[in-house]
Structure formats: structure tokens, C-alpha cells
Amino acid sequence: MTAAERAALGRLWLADALSEHASIASFARATLELMAVGAPPELLRGCQRAALEEVRHAELCFRLARRFSGRALDPGVLPAPAARSGGLPAVARDTFLEGCVAETVAAHQSTHALDAVRDGEVRAVLARIVRDEMRHAELAWRTVAWAVREGGASVLAVVRWVATRARAALRWRWTPGPGWPRGLSRASMAAYGRLEPAVEAACERAAWRELIEPALALLGGSHEAA
Ligand SMILES: [Fe+2]
Ligand SMILES: [Fe+2]
């Protein structure tokens, strides 16, 4: 591995570590928001468990960031996010975007990255993240399905509307170039769990096509058949 690759790996794993760290707060806020709309214990339990899993993801990603950067990196202070209002439609909308979309895309990208990993520690971290993020995505879909059962057609309409907007934004978003910047080899970066930005973008599109859109269609079907 070159010094440039080592530095890039440190930066990329640090970005993931900070995002995992922020996810702990997101699940804590989601628990409060679910309680405010009377969600069942099964969803609250799932949310609390997911928050604990995000603590572990953050620890593991910070460890990798320290290893590659050679620096003492820690999360520091994160301002507490306030619970949002808006009732069931807002819970369905936010859970769809943050869970059904973001966790599904993350799991899909990490699964793809895992295929090319050649480092034992990175493999163990990614395998754990894939397993947990898939469960977080499932929890999000169960939460949205519950909100649609409780709130009916108006909640389903909000989810479909936000899905259409998110899908359209994806189509117009700038797509990164074909590879890594000069000095970073695809094989080295892949060996340590990093996908090229263009491959990450392709995975995001595939996750929408193969997972999110079919699940969204089932969500509407189950409500309309009920
Ligand atoms: Fe995570
Ligand atoms: Fe997650």
C-alpha cells in the first residue's frame, strides 16, 4: 500500500465512522418519535437494539480509521438532535428515507465491497455491518408498513410521494467519474473495503431497482388489499 492509499483509506473509514456515530443519535431520536405515535413494543425494541449496533459499528470504523491514518481519532461531541413532530405521516416519511432507502443502499454497497476484501479485519467489520444494516432496513420497512396500516391511504401517499422525489433526485444527481484519483489503485482500495465512487453510485441505483421499488410496490399492495 502506498502512503497516498493509506491516507485515503484513513479518510474514507473516518467518514464512515462519523456517519455510524451519527446513526446512534438517529435511532435514539427515532425511538422517541415512535413512542410519540404509539408504536408497538416490537418496533421500539428493534430501534433500541439498532442503536446499540450502531455504537459497535462506530467503534469498529474508528479503529480502522486509526489504523490507516496512524492518528488518534475519536468521535467527540455530537449535538443532540431534537425529536421531530408531524405524527404518523412524518414518521413514515423519515423512516422511509433514513431506513428503507439509506440502510438498504448501505447494506447493498457493503455487500458489494465485501466481495473484493482481502484484509481480515476489514472483512470482519464489513460482514458485521452488512448483517446489521440489512436488519435495520427490515425494521424500517416493518415500521413503515405499521404506519401505513395505522394511518391508511394518506400515510401511504406521503411515502409514495417522497419515494418519487428521492428517485428523481437520484436520476439527476452528479455521477462521479470512472475511477479513483491518480495514485490510488482499485485493487488496493478494494482489498481494504473501499468501492470507487462510481461503483457506489451504481450500487445505489441497483438497490433502488432491485430492492426498494419492489418492496414499495408490496407495501401499497398489502395496504390496498387490506
Ligand atoms: Fe451502521
Ligand atoms: Fe444502520
# chains A, B, ... in the order shown; residues from 1 in each chain; ligands from 1
>>> residues_around(residues="Val77 of chain A", least_positions_apart="5", cutoff="12 Å", atoms="only C-alpha atoms", output="VMD selection string")
chain A and resid 18 21 to 22 25
>>> residues_near_ligand(ligand="ligand 1", cutoff="12 Å", atoms="only C-alpha atoms and all ligand atoms", output="tab-separated table (two decimals) with N, CA, C and O atoms, in the first residue's frame")
chain	number	residue	atom	x	y	z
A	16	ASP	N	-16.93	7.10	7.34
A	16	ASP	CA	-17.91	6.07	7.72
A	16	ASP	C	-18.10	6.04	9.23
A	16	ASP	O	-19.22	5.88	9.73
A	17	ALA	N	-17.00	6.19	9.97
A	17	ALA	CA	-17.08	6.16	11.44
A	17	ALA	C	-17.98	7.29	11.95
A	17	ALA	O	-18.82	7.08	12.83
A	18	LEU	N	-17.82	8.48	11.38
A	18	LEU	CA	-18.64	9.63	11.82
A	18	LEU	C	-20.10	9.41	11.46
A	18	LEU	O	-21.01	9.77	12.23
A	19	SER	N	-20.34	8.81	10.31
A	19	SER	CA	-21.72	8.54	9.91
A	19	SER	C	-22.35	7.47	10.81
A	19	SER	O	-23.51	7.60	11.22
A	20	GLU	N	-21.59	6.44	11.17
A	20	GLU	CA	-22.10	5.41	12.10
A	20	GLU	C	-22.38	6.04	13.47
A	20	GLU	O	-23.37	5.73	14.13
A	21	HIS	N	-21.49	6.93	13.89
A	21	HIS	CA	-21.65	7.61	15.18
A	21	HIS	C	-22.94	8.43	15.19
A	21	HIS	O	-23.71	8.39	16.15
A	22	ALA	N	-23.20	9.15	14.09
A	22	ALA	CA	-24.43	9.95	14.00
A	22	ALA	C	-25.67	9.04	13.98
A	22	ALA	O	-26.74	9.44	14.46
A	23	SER	N	-25.52	7.82	13.47
A	23	SER	CA	-26.66	6.89	13.42
A	23	SER	C	-27.14	6.50	14.82
A	23	SER	O	-28.31	6.16	15.00
A	24	ILE	N	-26.24	6.51	15.79
A	24	ILE	CA	-26.64	6.18	17.18
A	24	ILE	C	-27.70	7.20	17.62
A	24	ILE	O	-28.76	6.85	18.15
A	25	ALA	N	-27.42	8.48	17.37
A	25	ALA	CA	-28.35	9.54	17.74
A	25	ALA	C	-29.63	9.45	16.92
A	25	ALA	O	-30.73	9.69	17.44
A	26	SER	N	-29.51	9.07	15.65
A	26	SER	CA	-30.71	8.96	14.80
A	26	SER	C	-31.67	7.90	15.35
A	26	SER	O	-32.88	8.10	15.36
A	27	PHE	N	-31.12	6.76	15.79
A	27	PHE	CA	-32.00	5.71	16.34
A	27	PHE	C	-32.58	6.13	17.69
A	27	PHE	O	-33.72	5.77	18.01
A	49	ARG	N	-32.22	-1.76	19.88
A	49	ARG	CA	-31.17	-2.73	19.53
A	49	ARG	C	-30.30	-2.17	18.39
A	49	ARG	O	-29.07	-2.29	18.42
A	50	ALA	N	-30.95	-1.54	17.42
A	50	ALA	CA	-30.20	-0.98	16.28
A	50	ALA	C	-29.25	0.11	16.76
A	50	ALA	O	-28.12	0.22	16.27
A	51	ALA	N	-29.69	0.92	17.75
A	51	ALA	CA	-28.81	1.98	18.27
A	51	ALA	C	-27.54	1.38	18.86
A	51	ALA	O	-26.43	1.88	18.64
A	52	LEU	N	-27.70	0.27	19.61
A	52	LEU	CA	-26.53	-0.40	20.19
A	52	LEU	C	-25.61	-0.93	19.10
A	52	LEU	O	-24.38	-0.87	19.22
A	53	GLU	N	-26.21	-1.46	18.04
A	53	GLU	CA	-25.39	-1.99	16.94
A	53	GLU	C	-24.62	-0.86	16.25
A	53	GLU	O	-23.47	-1.04	15.83
A	54	GLU	N	-25.23	0.32	16.17
A	54	GLU	CA	-24.52	1.46	15.57
A	54	GLU	C	-23.35	1.92	16.44
A	54	GLU	O	-22.33	2.38	15.93
A	55	VAL	N	-23.48	1.76	17.77
A	55	VAL	CA	-22.35	2.07	18.66
A	55	VAL	C	-21.16	1.18	18.27
A	55	VAL	O	-20.02	1.64	18.13
A	56	ARG	N	-21.45	-0.10	18.05
A	56	ARG	CA	-20.38	-1.05	17.70
A	56	ARG	C	-19.79	-0.72	16.31
A	56	ARG	O	-18.57	-0.75	16.13
A	57	HIS	N	-20.68	-0.38	15.35
A	57	HIS	CA	-20.18	-0.02	14.01
A	57	HIS	C	-19.23	1.17	14.11
A	57	HIS	O	-18.19	1.21	13.46
A	58	ALA	N	-19.63	2.17	14.90
A	58	ALA	CA	-18.79	3.37	15.04
A	58	ALA	C	-17.43	2.99	15.63
A	58	ALA	O	-16.39	3.41	15.12
A	59	GLU	N	-17.45	2.18	16.68
A	59	GLU	CA	-16.18	1.76	17.30
A	59	GLU	C	-15.28	1.06	16.29
A	59	GLU	O	-14.08	1.32	16.21
A	60	LEU	N	-15.88	0.14	15.53
A	60	LEU	CA	-15.08	-0.66	14.58
A	60	LEU	C	-14.53	0.22	13.45
A	60	LEU	O	-13.37	0.06	13.04
A	61	CYS	N	-15.34	1.16	12.97
A	61	CYS	CA	-14.87	2.03	11.88
A	61	CYS	C	-13.82	3.02	12.38
A	61	CYS	O	-12.86	3.32	11.66
A	98	GLU	N	-34.59	7.38	5.80
A	98	GLU	CA	-33.39	7.08	6.61
A	98	GLU	C	-33.16	5.58	6.77
A	98	GLU	O	-32.02	5.15	6.96
A	99	GLY	N	-34.23	4.81	6.70
A	99	GLY	CA	-34.11	3.36	6.90
A	99	GLY	C	-34.29	2.58	5.62
A	99	GLY	O	-33.36	1.92	5.15
A	102	ALA	N	-31.75	4.57	2.96
A	102	ALA	CA	-30.33	4.70	3.33
A	102	ALA	C	-29.73	3.38	3.82
A	102	ALA	O	-28.61	3.02	3.44
A	103	GLU	N	-30.46	2.65	4.66
A	103	GLU	CA	-29.90	1.40	5.20
A	103	GLU	C	-29.84	0.32	4.11
A	103	GLU	O	-28.92	-0.49	4.07
A	104	THR	N	-30.84	0.31	3.22
A	104	THR	CA	-30.83	-0.67	2.12
A	104	THR	C	-29.65	-0.39	1.19
A	104	THR	O	-28.92	-1.32	0.80
A	105	VAL	N	-29.46	0.87	0.85
A	105	VAL	CA	-28.35	1.24	-0.05
A	105	VAL	C	-27.01	0.90	0.62
A	105	VAL	O	-26.12	0.30	0.00
A	106	ALA	N	-26.87	1.25	1.91
A	106	ALA	CA	-25.61	0.99	2.63
A	106	ALA	C	-25.32	-0.51	2.67
A	106	ALA	O	-24.18	-0.94	2.45
A	107	ALA	N	-26.36	-1.31	2.94
A	107	ALA	CA	-26.17	-2.77	3.01
A	107	ALA	C	-25.76	-3.31	1.64
A	107	ALA	O	-24.88	-4.17	1.53
A	110	SER	N	-22.12	-2.30	0.94
A	110	SER	CA	-21.17	-3.05	1.77
A	110	SER	C	-21.08	-4.50	1.31
A	110	SER	O	-20.00	-5.11	1.35
A	125	VAL	N	-15.32	-6.53	9.88
A	125	VAL	CA	-16.11	-5.31	10.12
A	125	VAL	C	-17.24	-5.20	9.09
A	125	VAL	O	-18.41	-4.99	9.43
A	126	LEU	N	-16.89	-5.38	7.82
A	126	LEU	CA	-17.91	-5.24	6.77
A	126	LEU	C	-18.99	-6.32	6.88
A	126	LEU	O	-20.17	-6.04	6.68
A	127	ALA	N	-18.58	-7.55	7.21
A	127	ALA	CA	-19.56	-8.63	7.33
A	127	ALA	C	-20.57	-8.31	8.43
A	127	ALA	O	-21.78	-8.51	8.28
A	128	ARG	N	-20.07	-7.77	9.53
A	128	ARG	CA	-20.96	-7.41	10.63
A	128	ARG	C	-21.89	-6.25	10.23
A	128	ARG	O	-23.08	-6.26	10.52
A	129	ILE	N	-21.33	-5.25	9.55
A	129	ILE	CA	-22.13	-4.10	9.12
A	129	ILE	C	-23.21	-4.55	8.14
A	129	ILE	O	-24.38	-4.16	8.26
A	130	VAL	N	-22.86	-5.41	7.19
A	130	VAL	CA	-23.86	-5.90	6.23
A	130	VAL	C	-25.01	-6.59	6.97
A	130	VAL	O	-26.19	-6.31	6.73
A	131	ARG	N	-24.65	-7.50	7.87
A	131	ARG	CA	-25.67	-8.28	8.60
A	131	ARG	C	-26.61	-7.33	9.38
A	131	ARG	O	-27.82	-7.44	9.31
A	132	ASP	N	-26.03	-6.36	10.09
A	132	ASP	CA	-26.83	-5.47	10.93
A	132	ASP	C	-27.64	-4.48	10.08
A	132	ASP	O	-28.81	-4.23	10.37
A	133	GLU	N	-27.02	-3.91	9.04
A	133	GLU	CA	-27.74	-2.89	8.25
A	133	GLU	C	-28.92	-3.52	7.50
A	133	GLU	O	-29.94	-2.86	7.29
A	134	MET	N	-28.78	-4.80	7.11
A	134	MET	CA	-29.93	-5.46	6.48
A	134	MET	C	-31.08	-5.57	7.48
A	134	MET	O	-32.24	-5.36	7.12
A	135	ARG	N	-30.73	-5.87	8.71
A	135	ARG	CA	-31.79	-5.97	9.74
A	135	ARG	C	-32.39	-4.58	10.01
A	135	ARG	O	-33.59	-4.46	10.23
A	136	HIS	N	-31.56	-3.53	9.96
A	136	HIS	CA	-32.09	-2.17	10.17
A	136	HIS	C	-33.05	-1.79	9.03
A	136	HIS	O	-34.06	-1.14	9.26
A	137	ALA	N	-32.68	-2.20	7.81
A	137	ALA	CA	-33.58	-1.92	6.67
A	137	ALA	C	-34.91	-2.67	6.85
A	137	ALA	O	-35.97	-2.10	6.64
>>> residues_around(residues="Tyr192 of chain A", least_positions_apart="3", cutoff="6 Å", atoms="only C-alpha atoms", output="VMD selection string")
chain A and resid 117 119 189
>>> closest_residue(among="A:Glu200, A:Phe96, A:Arg182, A:Gly193", to="Leu219 of chain A", atoms="only C-alpha atoms")
A:Phe96
>>> atom_distance(atom1="atom CA of Val91 of chain A", atom2="atom CA of Val37 of chain A")
8.3 Å
>>> closest_residue(among="A:Gly86, A:Gly120, A:Gly46, A:Pro178", to="ligand 2", atoms="only C-alpha atoms and all ligand atoms")
A:Gly46
>>> select_by_dssp(residues="segment 16-193 of chain A", states="helix (DSSP H, G or I)", output="ChimeraX atom specification")
/A:16-36,41-69,87-115,120-151,153-172,186-191
>>> write_last_selection(atoms="C-alpha atoms", output="short mmCIF file (atom, residue, chain, number, x, y, z; two decimals), in the first residue's frame")
data_model
loop_
_atom_site.label_atom_id
_atom_site.label_comp_id
_atom_site.auth_asym_id
_atom_site.auth_seq_id
_atom_site.Cartn_x
_atom_site.Cartn_y
_atom_site.Cartn_z
CA ASP A 16 -17.91 6.07 7.72
CA ALA A 17 -17.08 6.16 11.44
CA LEU A 18 -18.64 9.63 11.82
CA SER A 19 -21.72 8.54 9.91
CA GLU A 20 -22.10 5.41 12.10
CA HIS A 21 -21.65 7.61 15.18
CA ALA A 22 -24.43 9.95 14.00
CA SER A 23 -26.66 6.89 13.42
CA ILE A 24 -26.64 6.18 17.18
CA ALA A 25 -28.35 9.54 17.74
CA SER A 26 -30.71 8.96 14.80
CA PHE A 27 -32.00 5.71 16.34
CA ALA A 28 -32.33 7.35 19.76
CA ARG A 29 -34.44 10.11 18.15
CA ALA A 30 -36.42 7.52 16.16
CA THR A 31 -37.33 5.73 19.41
CA LEU A 32 -38.76 8.97 20.85
CA GLU A 33 -40.65 9.69 17.63
CA LEU A 34 -42.09 6.15 17.54
CA MET A 35 -43.24 6.47 21.15
CA ALA A 36 -44.97 9.75 20.28
CA PRO A 41 -43.00 -2.70 21.64
CA GLU A 42 -41.55 -4.83 18.82
CA LEU A 43 -40.60 -1.67 16.86
CA LEU A 44 -39.25 0.10 19.96
CA ARG A 45 -37.13 -2.94 20.83
CA GLY A 46 -35.79 -3.09 17.27
CA CYS A 47 -34.90 0.60 17.36
CA GLN A 48 -33.05 0.36 20.68
CA ARG A 49 -31.17 -2.73 19.53
CA ALA A 50 -30.20 -0.98 16.28
CA ALA A 51 -28.81 1.98 18.27
CA LEU A 52 -26.53 -0.40 20.19
CA GLU A 53 -25.39 -1.99 16.94
CA GLU A 54 -24.52 1.46 15.57
CA VAL A 55 -22.35 2.07 18.66
CA ARG A 56 -20.38 -1.05 17.70
CA HIS A 57 -20.18 -0.02 14.01
CA ALA A 58 -18.79 3.37 15.04
CA GLU A 59 -16.18 1.76 17.30
CA LEU A 60 -15.08 -0.66 14.58
CA CYS A 61 -14.87 2.03 11.88
CA PHE A 62 -12.92 4.39 14.17
CA ARG A 63 -10.50 1.53 14.82
CA LEU A 64 -9.94 1.13 11.07
CA ALA A 65 -9.60 4.92 10.62
CA ARG A 66 -6.92 4.96 13.35
CA ARG A 67 -5.11 2.00 11.82
CA PHE A 68 -4.87 3.54 8.33
CA SER A 69 -4.30 7.17 9.36
CA GLY A 87 -47.20 12.38 13.63
CA LEU A 88 -47.53 9.18 11.62
CA PRO A 89 -47.00 10.69 8.14
CA ALA A 90 -43.70 12.25 9.27
CA VAL A 91 -42.57 9.03 10.97
CA ALA A 92 -43.37 7.07 7.78
CA ARG A 93 -41.59 9.63 5.58
CA ASP A 94 -38.45 9.88 7.73
CA THR A 95 -38.24 6.13 8.32
CA PHE A 96 -38.59 5.51 4.59
CA LEU A 97 -35.74 7.90 3.71
CA GLU A 98 -33.39 7.08 6.61
CA GLY A 99 -34.11 3.36 6.90
CA CYS A 100 -35.79 1.85 3.84
CA VAL A 101 -33.57 3.83 1.47
CA ALA A 102 -30.33 4.70 3.33
CA GLU A 103 -29.90 1.40 5.20
CA THR A 104 -30.83 -0.67 2.12
CA VAL A 105 -28.35 1.24 -0.05
CA ALA A 106 -25.61 0.99 2.63
CA ALA A 107 -26.17 -2.77 3.01
CA HIS A 108 -26.08 -3.24 -0.77
CA GLN A 109 -22.84 -1.24 -1.14
CA SER A 110 -21.17 -3.05 1.77
CA THR A 111 -22.19 -6.44 0.33
CA HIS A 112 -20.58 -5.45 -2.96
CA ALA A 113 -17.43 -4.17 -1.18
CA LEU A 114 -17.15 -7.40 0.82
CA ASP A 115 -16.68 -9.45 -2.37
CA GLY A 120 -9.14 -9.98 7.68
CA GLU A 121 -10.06 -7.10 10.00
CA VAL A 122 -11.87 -5.17 7.24
CA ARG A 123 -13.71 -8.36 6.21
CA ALA A 124 -14.96 -8.94 9.76
CA VAL A 125 -16.11 -5.31 10.12
CA LEU A 126 -17.91 -5.24 6.77
CA ALA A 127 -19.56 -8.63 7.33
CA ARG A 128 -20.96 -7.41 10.63
CA ILE A 129 -22.13 -4.10 9.12
CA VAL A 130 -23.86 -5.90 6.23
CA ARG A 131 -25.67 -8.28 8.60
CA ASP A 132 -26.83 -5.47 10.93
CA GLU A 133 -27.74 -2.89 8.25
CA MET A 134 -29.93 -5.46 6.48
CA ARG A 135 -31.79 -5.97 9.74
CA HIS A 136 -32.09 -2.17 10.17
CA ALA A 137 -33.58 -1.92 6.67
CA GLU A 138 -36.07 -4.69 7.53
CA LEU A 139 -37.00 -2.85 10.73
CA ALA A 140 -37.59 0.32 8.71
CA TRP A 141 -39.90 -1.50 6.27
CA ARG A 142 -41.83 -3.06 9.18
CA THR A 143 -42.14 0.41 10.74
CA VAL A 144 -43.42 1.99 7.53
CA ALA A 145 -45.85 -0.94 6.98
CA TRP A 146 -47.17 -0.44 10.51
CA ALA A 147 -47.57 3.33 9.95
CA VAL A 148 -49.49 2.64 6.71
CA ARG A 149 -51.78 0.13 8.49
CA GLU A 150 -52.41 2.67 11.26
CA GLY A 151 -52.72 5.78 9.14
CA ALA A 153 -54.12 5.84 2.42
CA SER A 154 -52.87 9.30 3.43
CA VAL A 155 -49.70 7.85 5.01
CA LEU A 156 -49.13 5.58 2.01
CA ALA A 157 -49.50 8.61 -0.29
CA VAL A 158 -46.81 10.50 1.68
CA VAL A 159 -44.39 7.56 1.38
CA ARG A 160 -45.03 7.22 -2.35
CA TRP A 161 -44.58 10.94 -2.88
CA VAL A 162 -41.27 11.09 -1.02
CA ALA A 163 -40.11 7.94 -2.85
CA THR A 164 -40.86 9.53 -6.22
CA ARG A 165 -38.92 12.65 -5.26
CA ALA A 166 -35.94 10.68 -3.92
CA ARG A 167 -35.87 8.52 -7.05
CA ALA A 168 -36.00 11.60 -9.31
CA ALA A 169 -33.17 13.28 -7.35
CA LEU A 170 -31.06 10.17 -7.87
CA ARG A 171 -31.56 10.40 -11.63
CA TRP A 172 -30.33 14.00 -11.77
CA ARG A 186 -8.51 0.00 -7.49
CA ALA A 187 -7.09 -3.32 -6.25
CA SER A 188 -5.52 -1.80 -3.10
CA MET A 189 -8.60 0.20 -2.20
CA ALA A 190 -10.89 -2.80 -2.82
CA ALA A 191 -8.67 -5.06 -0.70
#
>>> atom_distance(atom1="atom CA of Gly183 of chain A", atom2="atom CA of Leu9 of chain A")
12.6 Å
>>> atom_distance(atom1="atom CA of Pro197 of chain A", atom2="atom CA of Pro214 of chain A")
25.1 Å
>>> closest_residue(among="A:Arg194, A:Gly152, A:Ala8, A:Ala201", to="Gly70 of chain A", atoms="only C-alpha atoms")
A:Ala8
>>> residues_around(residues="Gly177 of chain A", least_positions_apart="3", cutoff="10 Å", atoms="only C-alpha atoms", output="PDB file with all heavy atoms, in the first residue's frame")
ATOM      1  N   TRP A 174     -25.248  14.311  -9.785  1.00  0.00           N
ATOM      2  CA  TRP A 174     -23.979  14.184 -10.493  1.00  0.00           C
ATOM      3  C   TRP A 174     -23.394  12.798 -10.229  1.00  0.00           C
ATOM      4  O   TRP A 174     -23.352  12.337  -9.099  1.00  0.00           O
ATOM      5  CB  TRP A 174     -23.023  15.259  -9.990  1.00  0.00           C
ATOM      6  CG  TRP A 174     -21.647  15.121 -10.535  1.00  0.00           C
ATOM      7  CD1 TRP A 174     -21.223  15.461 -11.789  1.00  0.00           C
ATOM      8  CD2 TRP A 174     -20.507  14.594  -9.861  1.00  0.00           C
ATOM      9  NE1 TRP A 174     -19.900  15.182 -11.929  1.00  0.00           N
ATOM     10  CE2 TRP A 174     -19.424  14.648 -10.763  1.00  0.00           C
ATOM     11  CE3 TRP A 174     -20.288  14.084  -8.581  1.00  0.00           C
ATOM     12  CZ2 TRP A 174     -18.153  14.211 -10.432  1.00  0.00           C
ATOM     13  CZ3 TRP A 174     -19.015  13.650  -8.252  1.00  0.00           C
ATOM     14  CH2 TRP A 174     -17.968  13.712  -9.163  1.00  0.00           C
ATOM     15  N   TRP A 180     -10.786   5.961  -9.237  1.00  0.00           N
ATOM     16  CA  TRP A 180     -10.154   6.704  -8.151  1.00  0.00           C
ATOM     17  C   TRP A 180      -9.246   7.792  -8.721  1.00  0.00           C
ATOM     18  O   TRP A 180      -8.780   7.667  -9.848  1.00  0.00           O
ATOM     19  CB  TRP A 180      -9.303   5.755  -7.311  1.00  0.00           C
ATOM     20  CG  TRP A 180     -10.072   4.766  -6.506  1.00  0.00           C
ATOM     21  CD1 TRP A 180     -10.128   3.415  -6.709  1.00  0.00           C
ATOM     22  CD2 TRP A 180     -10.878   5.017  -5.353  1.00  0.00           C
ATOM     23  NE1 TRP A 180     -10.927   2.813  -5.766  1.00  0.00           N
ATOM     24  CE2 TRP A 180     -11.400   3.791  -4.911  1.00  0.00           C
ATOM     25  CE3 TRP A 180     -11.218   6.176  -4.641  1.00  0.00           C
ATOM     26  CZ2 TRP A 180     -12.228   3.675  -3.806  1.00  0.00           C
ATOM     27  CZ3 TRP A 180     -12.049   6.061  -3.546  1.00  0.00           C
ATOM     28  CH2 TRP A 180     -12.541   4.825  -3.140  1.00  0.00           C
ATOM     29  N   PRO A 181      -8.971   8.834  -7.924  1.00  0.00           N
ATOM     30  CA  PRO A 181      -7.982   9.823  -8.366  1.00  0.00           C
ATOM     31  C   PRO A 181      -6.623   9.146  -8.616  1.00  0.00           C
ATOM     32  O   PRO A 181      -6.368   8.053  -8.103  1.00  0.00           O
ATOM     33  CB  PRO A 181      -7.882  10.782  -7.178  1.00  0.00           C
ATOM     34  CG  PRO A 181      -9.106  10.551  -6.359  1.00  0.00           C
ATOM     35  CD  PRO A 181      -9.539   9.140  -6.609  1.00  0.00           C
ATOM     36  N   GLU A 196     -15.018   2.249  -5.570  1.00  0.00           N
ATOM     37  CA  GLU A 196     -14.880   3.530  -6.275  1.00  0.00           C
ATOM     38  C   GLU A 196     -16.207   4.279  -6.207  1.00  0.00           C
ATOM     39  O   GLU A 196     -17.277   3.649  -6.217  1.00  0.00           O
ATOM     40  CB  GLU A 196     -14.542   3.273  -7.741  1.00  0.00           C
ATOM     41  CG  GLU A 196     -13.152   2.729  -7.942  1.00  0.00           C
ATOM     42  CD  GLU A 196     -13.015   2.046  -9.276  1.00  0.00           C
ATOM     43  OE1 GLU A 196     -13.595   0.956  -9.430  1.00  0.00           O
ATOM     44  OE2 GLU A 196     -12.356   2.617 -10.152  1.00  0.00           O
ATOM     45  N   PRO A 197     -16.149   5.634  -6.160  1.00  0.00           N
ATOM     46  CA  PRO A 197     -17.399   6.406  -6.081  1.00  0.00           C
ATOM     47  C   PRO A 197     -18.407   6.030  -7.169  1.00  0.00           C
ATOM     48  O   PRO A 197     -19.609   5.950  -6.901  1.00  0.00           O
ATOM     49  CB  PRO A 197     -16.920   7.852  -6.223  1.00  0.00           C
ATOM     50  CG  PRO A 197     -15.515   7.820  -5.687  1.00  0.00           C
ATOM     51  CD  PRO A 197     -14.956   6.477  -6.065  1.00  0.00           C
ATOM     52  N   ALA A 198     -17.927   5.759  -8.389  1.00  0.00           N
ATOM     53  CA  ALA A 198     -18.861   5.413  -9.473  1.00  0.00           C
ATOM     54  C   ALA A 198     -19.532   4.064  -9.206  1.00  0.00           C
ATOM     55  O   ALA A 198     -20.698   3.868  -9.554  1.00  0.00           O
ATOM     56  CB  ALA A 198     -18.127   5.386 -10.811  1.00  0.00           C
ATOM     57  N   VAL A 199     -18.802   3.138  -8.578  1.00  0.00           N
ATOM     58  CA  VAL A 199     -19.387   1.825  -8.260  1.00  0.00           C
ATOM     59  C   VAL A 199     -20.405   1.983  -7.125  1.00  0.00           C
ATOM     60  O   VAL A 199     -21.462   1.356  -7.134  1.00  0.00           O
ATOM     61  CB  VAL A 199     -18.275   0.806  -7.893  1.00  0.00           C
ATOM     62  CG1 VAL A 199     -18.871  -0.534  -7.498  1.00  0.00           C
ATOM     63  CG2 VAL A 199     -17.309   0.640  -9.057  1.00  0.00           C
TER      64      VAL A 199
END
